[in-house]
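Raw contents of protein.csv, CSV, C-alpha atoms and all ligand atoms:
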chain,number,residue,atom,x,y,z
A,312,MET,CA,24.9,-25.1,27.2
A,313,ALA,CA,26.9,-24.1,24.2
A,314,ARG,CA,30.3,-25.7,23.6
A,315,GLY,CA,33.2,-23.8,25.1
A,316,TRP,CA,34.7,-22.7,21.9
A,317,VAL,CA,31.3,-21.5,20.6
A,318,ARG,CA,30.7,-19.5,23.7
A,319,ASP,CA,34.2,-17.9,23.5
A,320,TYR,CA,33.7,-17.1,19.8
A,321,TYR,CA,30.5,-15.1,20.4
A,322,ALA,CA,31.7,-13.6,23.6
A,323,ALA,CA,34.6,-12.1,21.5
A,324,LYS,CA,32.2,-11.0,18.8
A,325,LEU,CA,29.9,-9.3,21.4
A,326,LYS,CA,32.9,-7.5,22.9
A,327,GLU,CA,33.7,-6.0,19.5
A,328,LEU,CA,30.1,-4.7,19.3
A,329,VAL,CA,30.4,-3.2,22.8
A,330,GLU,CA,33.8,-1.6,21.9
A,331,ARG,CA,32.3,-0.1,18.7
A,332,GLY,CA,29.4,1.3,20.7
A,333,GLU,CA,26.9,-0.8,18.6
A,334,ILE,CA,25.0,-2.2,21.5
A,335,TRP,CA,21.4,-1.2,22.3
A,336,GLU,CA,20.6,-0.2,25.8
A,337,ILE,CA,17.0,-1.4,26.0
A,338,ARG,CA,14.8,0.5,28.4
A,339,ARG,CA,12.0,-1.0,30.5
A,340,LEU,CA,8.5,0.4,29.9
A,341,MET,CA,6.4,0.1,33.0
A,342,GLY,CA,3.0,0.9,31.5
A,343,PRO,CA,1.5,1.7,28.1
A,344,THR,CA,3.5,3.7,25.5
A,345,GLY,CA,2.1,7.1,24.7
A,346,PRO,CA,3.0,10.8,24.4
A,347,ARG,CA,4.2,10.3,28.0
A,348,ALA,CA,5.4,6.9,29.3
A,349,VAL,CA,6.8,5.5,32.5
A,350,VAL,CA,10.2,4.1,32.0
A,351,GLU,CA,12.4,2.7,34.7
A,352,GLY,CA,10.0,4.2,37.3
A,353,ARG,CA,10.1,7.8,35.9
A,354,GLU,CA,7.7,9.6,33.6
A,355,PHE,CA,9.1,10.7,30.3
A,356,ILE,CA,8.0,12.7,27.3
A,357,MET,CA,8.2,10.1,24.6
A,358,LEU,CA,9.8,11.2,21.4
A,359,SER,CA,10.9,7.8,20.1
A,360,THR,CA,7.8,5.9,19.0
A,361,ASN,CA,6.0,5.8,15.7
A,362,ASN,CA,2.7,6.1,17.6
A,363,TYR,CA,1.9,9.2,15.5
A,364,LEU,CA,-1.9,9.3,16.1
A,365,ASN,CA,-1.6,8.2,19.7
A,366,LEU,CA,-3.6,5.0,19.1
A,367,ALA,CA,-1.3,2.5,20.8
A,368,ASN,CA,-3.3,2.8,24.1
A,369,ASP,CA,-6.6,3.8,22.6
A,370,PRO,CA,-9.5,2.4,24.7
A,371,ARG,CA,-11.4,1.5,21.5
A,372,LEU,CA,-8.6,-0.7,20.3
A,373,LYS,CA,-8.2,-2.3,23.7
A,374,ARG,CA,-12.0,-3.0,23.9
A,375,ALA,CA,-12.0,-4.5,20.4
A,376,ALA,CA,-9.1,-6.8,21.4
A,377,ILE,CA,-10.7,-7.8,24.7
A,378,GLU,CA,-14.0,-8.7,23.0
A,379,ALA,CA,-12.1,-10.7,20.4
A,380,ILE,CA,-10.2,-12.6,23.1
A,381,GLU,CA,-13.4,-13.5,24.8
A,382,LYS,CA,-15.0,-14.8,21.6
A,383,TYR,CA,-12.0,-16.3,19.8
A,384,GLY,CA,-9.5,-17.0,22.5
A,385,TRP,CA,-5.8,-16.0,22.3
A,386,GLY,CA,-3.6,-18.1,20.0
A,387,PRO,CA,-4.0,-18.5,16.2
A,388,GLY,CA,-3.1,-22.2,16.3
A,389,ALA,CA,-1.0,-22.4,13.1
A,390,VAL,CA,-0.2,-20.4,10.0
A,391,TRP,CA,-3.4,-18.9,8.6
A,392,ALA,CA,-3.1,-20.9,5.3
A,393,ILE,CA,-3.4,-24.2,7.3
A,394,ALA,CA,-5.3,-23.4,10.5
A,395,GLY,CA,-7.7,-21.0,8.8
A,396,TYR,CA,-8.4,-17.3,9.2
A,397,PRO,CA,-10.2,-15.8,12.1
A,398,GLU,CA,-13.6,-14.9,10.5
A,399,LEU,CA,-12.8,-11.2,11.2
A,400,MET,CA,-9.9,-11.3,8.8
A,401,ALA,CA,-12.2,-10.9,5.7
A,402,GLU,CA,-13.4,-7.6,7.2
A,403,LEU,CA,-9.8,-6.5,8.0
A,404,GLU,CA,-8.7,-7.3,4.4
A,405,ARG,CA,-11.7,-5.4,3.0
A,406,LYS,CA,-10.8,-2.4,5.3
A,407,VAL,CA,-7.2,-2.4,4.2
A,408,ALA,CA,-8.3,-2.4,0.6
A,409,GLU,CA,-10.7,0.5,1.4
A,410,PHE,CA,-7.8,2.3,3.2
A,411,LYS,CA,-5.3,1.8,0.4
A,412,ARG,CA,-8.0,2.3,-2.3
A,413,THR,CA,-7.1,-1.0,-4.0
A,414,GLU,CA,-9.2,-3.9,-5.2
A,415,ALA,CA,-7.9,-6.3,-2.6
A,416,ALA,CA,-5.4,-6.6,0.2
A,417,LEU,CA,-3.4,-9.2,2.2
A,418,VAL,CA,-2.4,-8.9,5.8
A,419,PHE,CA,0.9,-10.3,7.1
A,420,PRO,CA,2.2,-11.0,10.7
A,421,THR,CA,4.4,-7.9,10.5
A,422,GLY,CA,5.5,-5.2,8.1
A,423,TYR,CA,8.9,-6.8,7.9
A,424,ALA,CA,7.3,-10.1,6.9
A,425,THR,CA,5.3,-8.2,4.3
A,426,ASN,CA,8.4,-7.0,2.5
A,427,VAL,CA,10.5,-10.1,2.8
A,428,GLY,CA,7.5,-12.1,1.6
A,429,SER,CA,6.0,-9.9,-1.1
A,430,ILE,CA,9.1,-8.7,-2.9
A,431,PRO,CA,10.4,-12.2,-3.8
A,432,ALA,CA,6.9,-13.2,-4.8
A,433,ILE,CA,6.6,-10.3,-7.2
A,434,VAL,CA,9.9,-10.5,-9.0
A,435,ASP,CA,12.0,-13.5,-10.2
A,436,GLN,CA,15.1,-14.3,-12.1
A,437,GLY,CA,15.4,-12.1,-15.2
A,438,ASP,CA,13.8,-9.2,-13.4
A,439,ILE,CA,15.5,-6.1,-11.9
A,440,ILE,CA,14.7,-4.1,-8.8
A,441,VAL,CA,15.5,-0.4,-8.8
A,442,SER,CA,15.8,0.7,-5.2
A,443,ASP,CA,16.3,4.0,-3.3
A,444,GLU,CA,19.7,4.0,-1.4
A,445,LEU,CA,18.0,4.8,1.9
A,446,ASN,CA,15.2,2.2,1.7
A,447,HIS,CA,14.3,0.4,4.9
A,448,GLY,CA,16.2,-2.7,5.9
A,449,SER,CA,13.2,-5.0,5.4
A,450,ILE,CA,13.1,-3.9,1.7
A,451,ILE,CA,16.8,-4.7,1.5
A,452,ASP,CA,16.2,-8.1,3.0
A,453,GLY,CA,13.2,-8.7,0.6
A,454,ILE,CA,15.5,-7.9,-2.3
A,455,ARG,CA,18.2,-10.2,-1.1
A,456,LEU,CA,15.7,-13.1,-0.8
A,457,SER,CA,14.4,-12.5,-4.3
A,458,ARG,CA,16.1,-13.9,-7.4
A,459,ALA,CA,16.0,-10.6,-9.2
A,460,GLU,CA,19.0,-8.4,-9.7
A,461,LYS,CA,19.1,-4.9,-8.1
A,462,ILE,CA,20.4,-1.5,-8.9
A,463,ILE,CA,20.5,1.4,-6.4
A,464,TYR,CA,19.6,5.0,-7.2
A,465,LYS,CA,20.6,8.0,-5.2
A,466,HIS,CA,18.2,9.0,-2.5
A,467,CYS,CA,15.1,10.6,-3.9
A,468,ASP,CA,17.1,11.6,-7.0
A,469,LEU,CA,14.8,11.5,-10.1
A,470,ALA,CA,17.6,12.3,-12.5
A,471,ASP,CA,19.7,9.3,-11.2
A,472,LEU,CA,16.6,7.1,-11.2
A,473,GLU,CA,16.0,8.0,-14.8
A,474,ASP,CA,19.6,7.2,-15.6
A,475,LYS,CA,19.4,3.8,-13.9
A,476,LEU,CA,16.1,3.0,-15.7
A,477,ARG,CA,17.6,3.9,-19.0
A,478,GLN,CA,20.5,1.5,-18.2
A,479,VAL,CA,18.2,-1.4,-17.5
A,480,HIS,CA,15.4,-0.7,-19.9
A,481,LYS,CA,14.6,-3.6,-22.2
A,482,LYS,CA,17.3,-5.8,-20.7
A,483,TYR,CA,15.1,-7.5,-18.1
A,484,ASN,CA,11.7,-9.1,-18.1
A,485,LYS,CA,10.3,-6.7,-15.6
A,486,ILE,CA,11.5,-3.6,-13.7
A,487,LEU,CA,10.3,-3.0,-10.1
A,488,ILE,CA,10.9,0.4,-8.6
A,489,ILE,CA,10.8,0.3,-4.8
A,490,THR,CA,10.8,3.2,-2.4
A,491,ASP,CA,9.8,4.1,1.1
A,492,GLY,CA,7.0,6.7,1.0
A,493,VAL,CA,8.5,8.5,3.9
A,494,PHE,CA,12.1,7.9,5.0
A,495,SER,CA,12.4,6.9,8.6
A,496,MET,CA,15.6,8.5,9.6
A,497,ASP,CA,15.3,11.9,7.8
A,498,GLY,CA,11.5,12.3,7.6
A,499,ASP,CA,11.6,13.3,3.9
A,500,ILE,CA,9.0,12.2,1.4
A,501,ALA,CA,9.8,10.2,-1.8
A,502,PRO,CA,8.9,12.2,-5.0
A,503,LEU,CA,6.2,9.7,-6.0
A,504,ASP,CA,4.8,12.1,-8.7
A,505,GLY,CA,8.1,11.9,-10.6
A,506,ILE,CA,8.8,8.3,-9.8
A,507,THR,CA,5.4,7.1,-11.1
A,508,LYS,CA,5.9,9.3,-14.2
A,509,LEU,CA,9.2,7.6,-14.9
A,510,ALA,CA,7.6,4.2,-14.3
A,511,ASP,CA,5.1,5.0,-17.0
A,512,GLU,CA,7.9,6.0,-19.4
A,513,PHE,CA,10.0,3.0,-18.8
A,514,ASN,CA,7.2,0.4,-18.3
A,515,ALA,CA,8.3,-0.3,-14.7
A,516,MET,CA,6.2,-1.4,-11.7
A,517,VAL,CA,6.1,0.7,-8.5
A,518,TYR,CA,6.1,-0.6,-5.0
A,519,VAL,CA,5.7,1.9,-2.1
A,520,ASP,CA,6.4,1.0,1.5
A,521,ASP,CA,4.4,3.6,3.3
A,522,ALA,CA,5.1,2.6,6.9
A,523,HIS,CA,5.7,6.2,7.9
A,524,GLY,CA,3.3,7.8,5.5
A,525,GLU,CA,0.0,6.1,6.4
A,526,GLY,CA,-2.0,8.0,8.9
A,527,VAL,CA,0.2,11.0,8.4
A,528,LEU,CA,0.2,12.2,4.8
A,529,GLY,CA,-2.7,12.6,2.3
A,530,GLU,CA,-5.4,13.0,5.0
A,531,GLY,CA,-4.1,9.8,6.5
A,532,ARG,CA,-4.2,7.8,3.2
A,533,GLY,CA,-0.5,8.0,2.9
A,534,SER,CA,2.2,9.3,0.5
A,535,PRO,CA,0.6,8.1,-2.8
A,536,ALA,CA,-2.6,10.1,-1.8
A,537,HIS,CA,-0.4,13.1,-0.9
A,538,TYR,CA,0.7,13.2,-4.5
A,539,GLY,CA,-2.6,12.0,-6.0
A,540,VAL,CA,-0.9,9.0,-7.6
A,541,GLU,CA,-2.7,6.1,-5.9
A,542,ASP,CA,-3.6,4.7,-9.2
A,543,LYS,CA,-0.1,4.7,-10.5
A,544,VAL,CA,1.3,2.6,-7.6
A,545,ASP,CA,1.1,-1.1,-8.3
A,546,PHE,CA,1.9,-2.4,-4.8
A,547,HIS,CA,0.8,-0.4,-1.7
A,548,MET,CA,2.7,-1.9,1.3
A,549,GLY,CA,2.2,-0.7,4.8
A,550,THR,CA,2.2,-1.6,8.5
A,551,PHE,CA,-0.2,-1.5,11.5
A,552,SER,CA,2.8,-0.8,13.8
A,553,LYS,CA,3.1,2.9,13.3
A,554,ALA,CA,0.3,5.5,13.0
A,555,LEU,CA,-2.2,2.6,13.4
A,556,GLY,CA,-0.8,1.9,16.9
A,557,SER,CA,-0.9,-1.9,16.6
A,558,THR,CA,1.1,-4.6,14.9
A,559,GLY,CA,0.9,-6.5,11.5
A,560,GLY,CA,1.7,-5.7,7.9
A,561,MET,CA,-0.4,-5.1,4.8
A,562,ILE,CA,-0.2,-5.0,1.0
A,563,GLY,CA,-2.9,-3.7,-1.3
A,564,SER,CA,-3.2,-4.3,-5.1
A,565,ASP,CA,-5.5,-5.9,-7.7
A,566,ARG,CA,-7.3,-9.0,-6.7
A,567,ASP,CA,-5.4,-11.5,-8.8
A,568,ILE,CA,-2.1,-10.0,-7.8
A,569,ILE,CA,-3.0,-10.3,-4.1
A,570,GLU,CA,-4.1,-13.9,-4.5
A,571,TYR,CA,-0.8,-14.7,-6.3
A,572,ILE,CA,1.2,-13.1,-3.5
A,573,ARG,CA,-0.9,-14.9,-0.9
A,574,ASN,CA,0.1,-18.2,-2.5
A,575,ARG,CA,3.8,-17.4,-3.1
A,576,ALA,CA,4.9,-15.3,-0.1
A,577,ARG,CA,6.9,-17.5,2.2
A,578,SER,CA,6.6,-15.3,5.2
A,579,TRP,CA,2.8,-15.5,4.9
A,580,LEU,CA,2.8,-19.3,4.3
A,581,LEU,CA,5.5,-20.3,6.8
A,582,SER,CA,4.9,-17.9,9.7
A,583,THR,CA,2.0,-17.9,12.1
A,584,GLY,CA,-0.2,-14.8,11.9
A,585,PHE,CA,-1.1,-12.6,14.9
A,586,PRO,CA,-3.9,-13.5,17.3
A,587,PRO,CA,-7.6,-12.8,16.5
A,588,ALA,CA,-7.5,-10.0,19.1
A,589,VAL,CA,-5.0,-8.1,16.9
A,590,VAL,CA,-7.3,-8.6,13.8
A,591,ALA,CA,-10.1,-6.9,15.8
A,592,ALA,CA,-7.9,-4.0,17.0
A,593,ASN,CA,-6.5,-3.5,13.5
A,594,ILE,CA,-10.0,-3.1,12.1
A,595,LYS,CA,-10.8,-0.5,14.7
A,596,ALA,CA,-7.5,1.3,14.1
A,597,LEU,CA,-8.3,1.6,10.3
A,598,GLU,CA,-11.8,2.9,11.1
A,599,ILE,CA,-10.4,5.6,13.3
A,600,VAL,CA,-7.7,6.7,10.9
A,601,MET,CA,-10.2,6.9,8.0
A,602,THR,CA,-12.6,9.0,10.0
A,603,GLU,CA,-10.9,11.1,12.7
A,604,LYS,CA,-9.2,13.7,10.6
A,605,GLU,CA,-8.8,15.9,13.7
A,606,ARG,CA,-6.0,13.6,15.0
A,607,ILE,CA,-4.1,14.1,11.8
A,608,ARG,CA,-4.5,17.8,12.0
A,609,LYS,CA,-3.3,17.8,15.6
A,610,LEU,CA,-0.3,15.7,14.6
A,611,TRP,CA,0.7,18.3,12.0
A,612,GLU,CA,0.2,21.2,14.3
A,613,ASN,CA,2.5,19.6,16.8
A,614,ARG,CA,5.0,18.7,14.1
A,615,GLU,CA,5.1,22.3,12.9
A,616,TYR,CA,5.5,23.6,16.4
A,617,PHE,CA,8.3,21.3,17.4
A,618,LYS,CA,10.3,21.6,14.1
A,619,LYS,CA,10.1,25.4,14.3
A,620,GLY,CA,11.3,25.2,17.9
A,621,LEU,CA,14.3,23.1,17.1
A,622,ASP,CA,15.1,25.2,14.0
A,623,GLU,CA,15.0,28.4,16.0
A,624,LEU,CA,17.3,27.0,18.7
A,625,GLY,CA,19.8,26.4,15.9
A,626,PHE,CA,19.6,22.6,15.5
A,627,ASN,CA,20.0,21.0,12.1
A,628,THR,CA,16.7,19.3,11.3
A,629,GLY,CA,17.9,18.2,7.9
A,630,LYS,CA,15.3,17.5,5.2
A,631,SER,CA,12.4,16.7,7.5
A,632,GLN,CA,9.0,17.2,5.9
A,633,THR,CA,7.0,15.0,8.3
A,634,PRO,CA,6.6,14.3,12.1
A,635,ILE,CA,10.0,12.6,11.9
A,636,ILE,CA,12.3,15.5,12.9
A,637,PRO,CA,15.9,14.7,13.4
A,638,ALA,CA,18.4,16.8,15.3
A,639,ILE,CA,21.5,16.0,13.2
A,640,ILE,CA,24.7,16.3,15.3
A,641,GLY,CA,27.2,14.6,13.0
A,642,ASP,CA,29.4,13.1,15.7
A,643,THR,CA,28.9,9.9,17.6
A,644,LYS,CA,30.2,11.0,20.9
A,645,LYS,CA,28.3,14.3,21.0
A,646,THR,CA,25.1,12.5,19.9
A,647,ARG,CA,25.4,10.0,22.7
A,648,GLU,CA,26.1,12.8,25.2
A,649,LEU,CA,23.1,14.8,24.0
A,650,ALA,CA,20.8,11.8,24.2
A,651,LYS,CA,22.0,11.0,27.7
A,652,MET,CA,21.4,14.6,28.9
A,653,LEU,CA,18.0,14.7,27.4
A,654,TYR,CA,17.2,11.3,28.9
A,655,ASP,CA,18.3,12.5,32.3
A,656,MET,CA,15.9,15.5,31.9
A,657,GLY,CA,13.0,13.2,31.2
A,658,ILE,CA,12.9,13.3,27.4
A,659,PHE,CA,12.9,9.8,25.9
A,660,VAL,CA,15.2,9.8,22.9
A,661,VAL,CA,17.9,7.5,21.7
A,662,PRO,CA,21.1,8.3,19.8
A,663,ILE,CA,21.0,7.1,16.1
A,664,VAL,CA,24.5,6.4,15.0
A,665,TYR,CA,26.4,4.3,12.4
A,666,PRO,CA,25.4,1.8,11.0
A,667,MET,CA,21.8,3.0,11.2
A,668,VAL,CA,22.8,6.2,9.5
A,669,ALA,CA,25.9,7.2,7.6
A,670,ARG,CA,28.9,8.4,9.5
A,671,GLY,CA,28.9,12.2,9.9
A,672,THR,CA,25.1,12.3,10.1
A,673,GLU,CA,24.7,10.9,13.6
A,674,ARG,CA,21.5,12.2,15.1
A,675,ILE,CA,18.7,12.1,17.6
A,676,ARG,CA,15.5,11.3,15.8
A,677,ASN,CA,12.4,12.9,17.3
A,678,GLU,CA,8.9,11.7,16.5
A,679,VAL,CA,6.1,13.9,17.5
A,680,SER,CA,2.5,12.6,18.0
A,681,ALA,CA,-1.0,13.9,18.0
A,682,GLY,CA,-1.2,13.2,21.7
A,683,HIS,CA,1.6,15.6,22.8
A,684,THR,CA,0.5,18.7,24.5
A,685,LYS,CA,2.1,22.1,23.9
A,686,GLU,CA,3.6,21.8,27.4
A,687,ASP,CA,5.2,18.5,26.5
A,688,LEU,CA,6.8,20.0,23.5
A,689,ASP,CA,7.9,23.1,25.3
A,690,ARG,CA,9.5,20.9,28.0
A,691,ALA,CA,11.3,18.9,25.4
A,692,LEU,CA,12.5,22.1,23.6
A,693,SER,CA,13.8,23.6,26.8
A,694,ALA,CA,15.7,20.4,27.5
A,695,TYR,CA,17.2,20.6,24.0
A,696,GLU,CA,18.2,24.2,24.6
A,697,LYS,CA,19.9,23.4,27.9
A,698,ALA,CA,21.7,20.3,26.7
A,699,GLY,CA,22.6,21.8,23.3
A,700,ARG,CA,24.2,24.9,24.9
A,701,SER,CA,26.1,23.0,27.5
A,702,LEU,CA,27.6,20.7,24.8
A,703,GLY,CA,28.3,23.6,22.4
A,704,ILE,CA,26.1,22.2,19.7
A,705,ILE,CA,24.0,25.4,19.5
B,801,LIG,C1,8.9,-0.1,10.5
B,801,LIG,C2,9.0,-0.3,9.1
B,801,LIG,C3,8.8,-1.6,8.5
B,801,LIG,C4,8.6,-2.8,9.3
B,801,LIG,O1,7.3,-2.8,9.9
B,801,LIG,P1,7.0,-3.7,11.2
B,801,LIG,O2,5.5,-3.8,11.2
B,801,LIG,O3,7.5,-3.0,12.3
B,801,LIG,O4,7.6,-5.1,11.0
B,801,LIG,C5,8.9,-1.7,7.1
B,801,LIG,N1,9.2,-0.7,6.4
B,801,LIG,C6,9.5,0.5,6.9
B,801,LIG,C7,9.8,1.7,5.9
B,801,LIG,C8,9.4,0.7,8.2
B,801,LIG,O5,9.6,2.0,8.7

In structure tokens, write the structure found in this file.
Amino acid sequence: MARGWVRDYYAAKLKELVERGEIWEIRRLMGPTGPRAVVEGREFIMLSTNNYLNLANDPRLKRAAIEAIEKYGWGPGAVWAIAGYPELMAELERKVAEFKRTEAALVFPTGYATNVGSIPAIVDQGDIIVSDELNHGSIIDGIRLSRAEKIIYKHCDLADLEDKLRQVHKKYNKILIITDGVFSMDGDIAPLDGITKLADEFNAMVYVDDAHGEGVLGEGRGSPAHYGVEDKVDFHMGTFSKALGSTGGMIGSDRDIIEYIRNRARSWLLSTGFPPAVVAANIKALEIVMTEKERIRKLWENREYFKKGLDELGFNTGKSQTPIIPAIIGDTKKTRELAKMLYDMGIFVVPIVYPMVARGTERIRNEVSAGHTKEDLDRALSAYEKAGRSLGII
């Protein structure tokens, strides 16, 4: 048991969080996650997962995992560097490299671990990181763990990026521009064409975290492919946890760079990798994403349909260009009320409020998948209409 004063201290801290409304109410899933999911005993239309291609419960991933469990058992034993790789890992790394169209690739326990491990491995004292202001928290943590300096540019603003590059040009050993490929709260796409051009001009390196772009943009290849600039991105980071329906992180680059990161990334060296079953499922997921273009087409058809529906109802979907479609409310209380009404009507959404997004941009973030039916989307839109009217939002 914790000491009395320790317990009291954190009880008071927790109370502050409760009072500020910064506590997550975590729901109980009672079966697989999918376009529909059973939560707390009721069936919901799921609009809050990154399961874009509906692969999280795909029978082929499950079968690959089960076969791997039978052959390799469950646990990995120790960190991969010490205990050894499951033999399937060489194939997974090859598949990632094929997917990212890079010479080589490295797989991490999670996407978070990929960023917090790779960024400090790539840059050092005397370097500077130039980072989009809305980059994912795992990038921010990776930057904090590195010994490089950082400078932030305005969200997707090429003029400001150029300005910042001009300021730091020739003052540091190396410059690393880091950006999300697709931004997770607004669903907008980083202007990688302009960013890579500026990188050429200022001799900078480019690192793209494509967690929400993979499987979605560029025929599934991601945001660099969407712009045709795959060759101008030095570090292709991604995750298996979104469109690929699994778990684990990845980074693709040239062979020597990958071997260097492998030997320097502390989150790879000091944290045990996922079980062999996950290696097998991830191989299968990549194969599906690289071949089943129909899923991606369906995802986009659903995305267009749902975005148009919300727009026509009068909701503010902001700058969405992808299957991430926010309904921006701009008020914490109203956002929470709307989320609760939708939830009560069987639509699984959660309020996204400060500090996850800036004050005044509180929202519900909808994420559409290839597995939703038109009926699912219509039901969700009609719930939005009812709740939006009753709260005076539309
Ligand atoms: C989800 C996400 C991550 C973290 O990936 P995990 O595999 O869930 O750890 C990293 N970067 C971005 C942009 C993300 O959206």

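Near ligand LIG 801 (chain B), at distances of 6 Å or less and with only C-alpha atoms and all ligand atoms counted, sit the residues Thr421, Gly422, Tyr423, His447, Ser449, Asp491, Ser495, Asp520, Ala522, His523, Thr550, Ser552, Thr558, Gly559 and Gly560 of chain A.
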
(request) Mind giving me the straight-line distance from atom CA of A:Ser582 to atom CA of A:Ala389 in Å, one decimal? (result) 8.2 Å

(message) When you count all atoms listed in the file, which of these residues is closest to A:Val544: A:Gly492, A:Pro370, A:Gly345, A:Gly448?
(response)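 Looking only at the distances to A:Val544, the closest residue turns out to be A:Gly492.
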
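When atom CA of A:Phe617 is paired with atom CA of A:Ile705, their separation reads 16.4 Å.
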
(message) Residues near A:Phe551, anyone? I mean within 12 Å using all atoms listed in the file, not counting same-chain ones fewer than 2 positions away, as a PyMOL selection string.
(response) chain A and resi 361-364+366-367+403+407+410+418-423+425+521-526+548-549+553-562+585+589-590+592-597+600

(request) Write out as a list in words which residues come within 10 Å of stretch 604-609 of chain A when counting all atoms listed in the file, dropping same-chain ones fewer than 2 positions away. (result)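 Using all atoms listed in the file, the neighbours found are Tyr363, Leu364, Asn365, Leu366, Gly526, Val527, Leu528, Gly529, Glu530, Gly531, Ala554, Ile599, Val600, Met601, Thr602, Trp611, Glu612, Asn613, Arg614, Glu615, Ser680, Ala681, Gly682, His683 and Thr684 of chain A.
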
(message) List as a ChimeraX atom specification the protein and nucleic acid residues near A:Ala470, meaning an atom at most 10 Å away when all atoms listed in the file are counted, but skip any in the same chain fewer than 6 places from it.
(response) /A:464,476,505,509

Grab the residues selected above and save them as a PDB file, in the coordinates of the input with C-alpha atoms.
ATOM      1  CA  TYR A 464      19.600   5.000  -7.200  1.00  0.00           C
ATOM      2  CA  LEU A 476      16.100   3.000 -15.700  1.00  0.00           C
ATOM      3  CA  GLY A 505       8.100  11.900 -10.600  1.00  0.00           C
ATOM      4  CA  LEU A 509       9.200   7.600 -14.900  1.00  0.00           C
TER       5      LEU A 509
END

(request) Quick one: pull the distance between atom CA of A:His547 and atom CA of A:Ser429, Å, one decimal. (result) 10.8 Å

(request) Determine the nearest neighbour of A:His466 from the options A:Asp319, A:Glu678, A:Asp499, A:Glu598, counting all atoms listed in the file. (result) A:Asp499

Just the residues within 7 Å of stretch 564-581 of chain A, please, counting only C-alpha atoms, with nothing from its chain fewer than 3 positions along; format it as a tab-separated table (two decimals) with C-alpha atoms, in the coordinates of the input.
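Resulting contents of out_23.tsv:
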chain	number	residue	atom	x	y	z
A	390	VAL	CA	-0.20	-20.40	10.00
A	392	ALA	CA	-3.10	-20.90	5.30
A	413	THR	CA	-7.10	-1.00	-4.00
A	414	GLU	CA	-9.20	-3.90	-5.20
A	415	ALA	CA	-7.90	-6.30	-2.60
A	416	ALA	CA	-5.40	-6.60	0.20
A	417	LEU	CA	-3.40	-9.20	2.20
A	419	PHE	CA	0.90	-10.30	7.10
A	424	ALA	CA	7.30	-10.10	6.90
A	427	VAL	CA	10.50	-10.10	2.80
A	428	GLY	CA	7.50	-12.10	1.60
A	429	SER	CA	6.00	-9.90	-1.10
A	432	ALA	CA	6.90	-13.20	-4.80
A	545	ASP	CA	1.10	-1.10	-8.30
A	546	PHE	CA	1.90	-2.40	-4.80
A	547	HIS	CA	0.80	-0.40	-1.70

(message) Quick one: residues within 12 Å of A:Ile454, only C-alpha atoms, excluding same-chain residues fewer than 6 positions away - as a ChimeraX atom specification?
(response) /A:426-436,438-443,446-448,460-463,487-489

With C-alpha atoms retained, export the selected residues as a CSV table (one decimal), in the frame of the given file.
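part10.csv, written as the output of this step:
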chain,number,residue,atom,x,y,z
A,426,ASN,CA,8.4,-7.0,2.5
A,427,VAL,CA,10.5,-10.1,2.8
A,428,GLY,CA,7.5,-12.1,1.6
A,429,SER,CA,6.0,-9.9,-1.1
A,430,ILE,CA,9.1,-8.7,-2.9
A,431,PRO,CA,10.4,-12.2,-3.8
A,432,ALA,CA,6.9,-13.2,-4.8
A,433,ILE,CA,6.6,-10.3,-7.2
A,434,VAL,CA,9.9,-10.5,-9.0
A,435,ASP,CA,12.0,-13.5,-10.2
A,436,GLN,CA,15.1,-14.3,-12.1
A,438,ASP,CA,13.8,-9.2,-13.4
A,439,ILE,CA,15.5,-6.1,-11.9
A,440,ILE,CA,14.7,-4.1,-8.8
A,441,VAL,CA,15.5,-0.4,-8.8
A,442,SER,CA,15.8,0.7,-5.2
A,443,ASP,CA,16.3,4.0,-3.3
A,446,ASN,CA,15.2,2.2,1.7
A,447,HIS,CA,14.3,0.4,4.9
A,448,GLY,CA,16.2,-2.7,5.9
A,460,GLU,CA,19.0,-8.4,-9.7
A,461,LYS,CA,19.1,-4.9,-8.1
A,462,ILE,CA,20.4,-1.5,-8.9
A,463,ILE,CA,20.5,1.4,-6.4
A,487,LEU,CA,10.3,-3.0,-10.1
A,488,ILE,CA,10.9,0.4,-8.6
A,489,ILE,CA,10.8,0.3,-4.8

(request) Would you kindly identify which residues have an atom no farther than 7 Å from (10.3, 10.4, 32.8), using all atoms listed in the file and the file's own coordinates, and write them out as a list in words? (result) Ala348, Val349, Val350, Arg353, Glu354, Phe355, Ile356, Gly657 and Ile658 of chain A

Write out as AutoDock Vina command-line options an axis-aligned box for stretch 600-606 of chain A: all of its atoms listed in the file, 4 Å added on each side, centre and edge lengths in Å with one decimal.
--center_x -9.3 --center_y 11.3 --center_z 11.5 --size_x 14.6 --size_y 17.2 --size_z 15.0

(request) Measuring atom to atom with all atoms listed in the file, identify which of A:Ala694, A:Ala650, A:Ile639, A:Ile393 is nearest to A:Glu673. (result)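 Closest residue, counting all atoms listed in the file: A:Ile639.
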
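Residue nearest A:Ile635, chosen from A:Pro587, A:Gly498, A:Gly453, A:Gly388 and counting only C-alpha atoms: A:Gly498.
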
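When only C-alpha atoms are used to compute distances to A:Ala408, the closest of the residues A:Gly539, A:Gly563, A:Ala691, A:Ser534 turns out to be A:Gly563.
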
(request) May I ask which of the residues A:Glu444, A:Thr643, A:Val660, A:Gly629 is the closest one to A:Arg338, counting all atoms listed in the file? (result) A:Val660
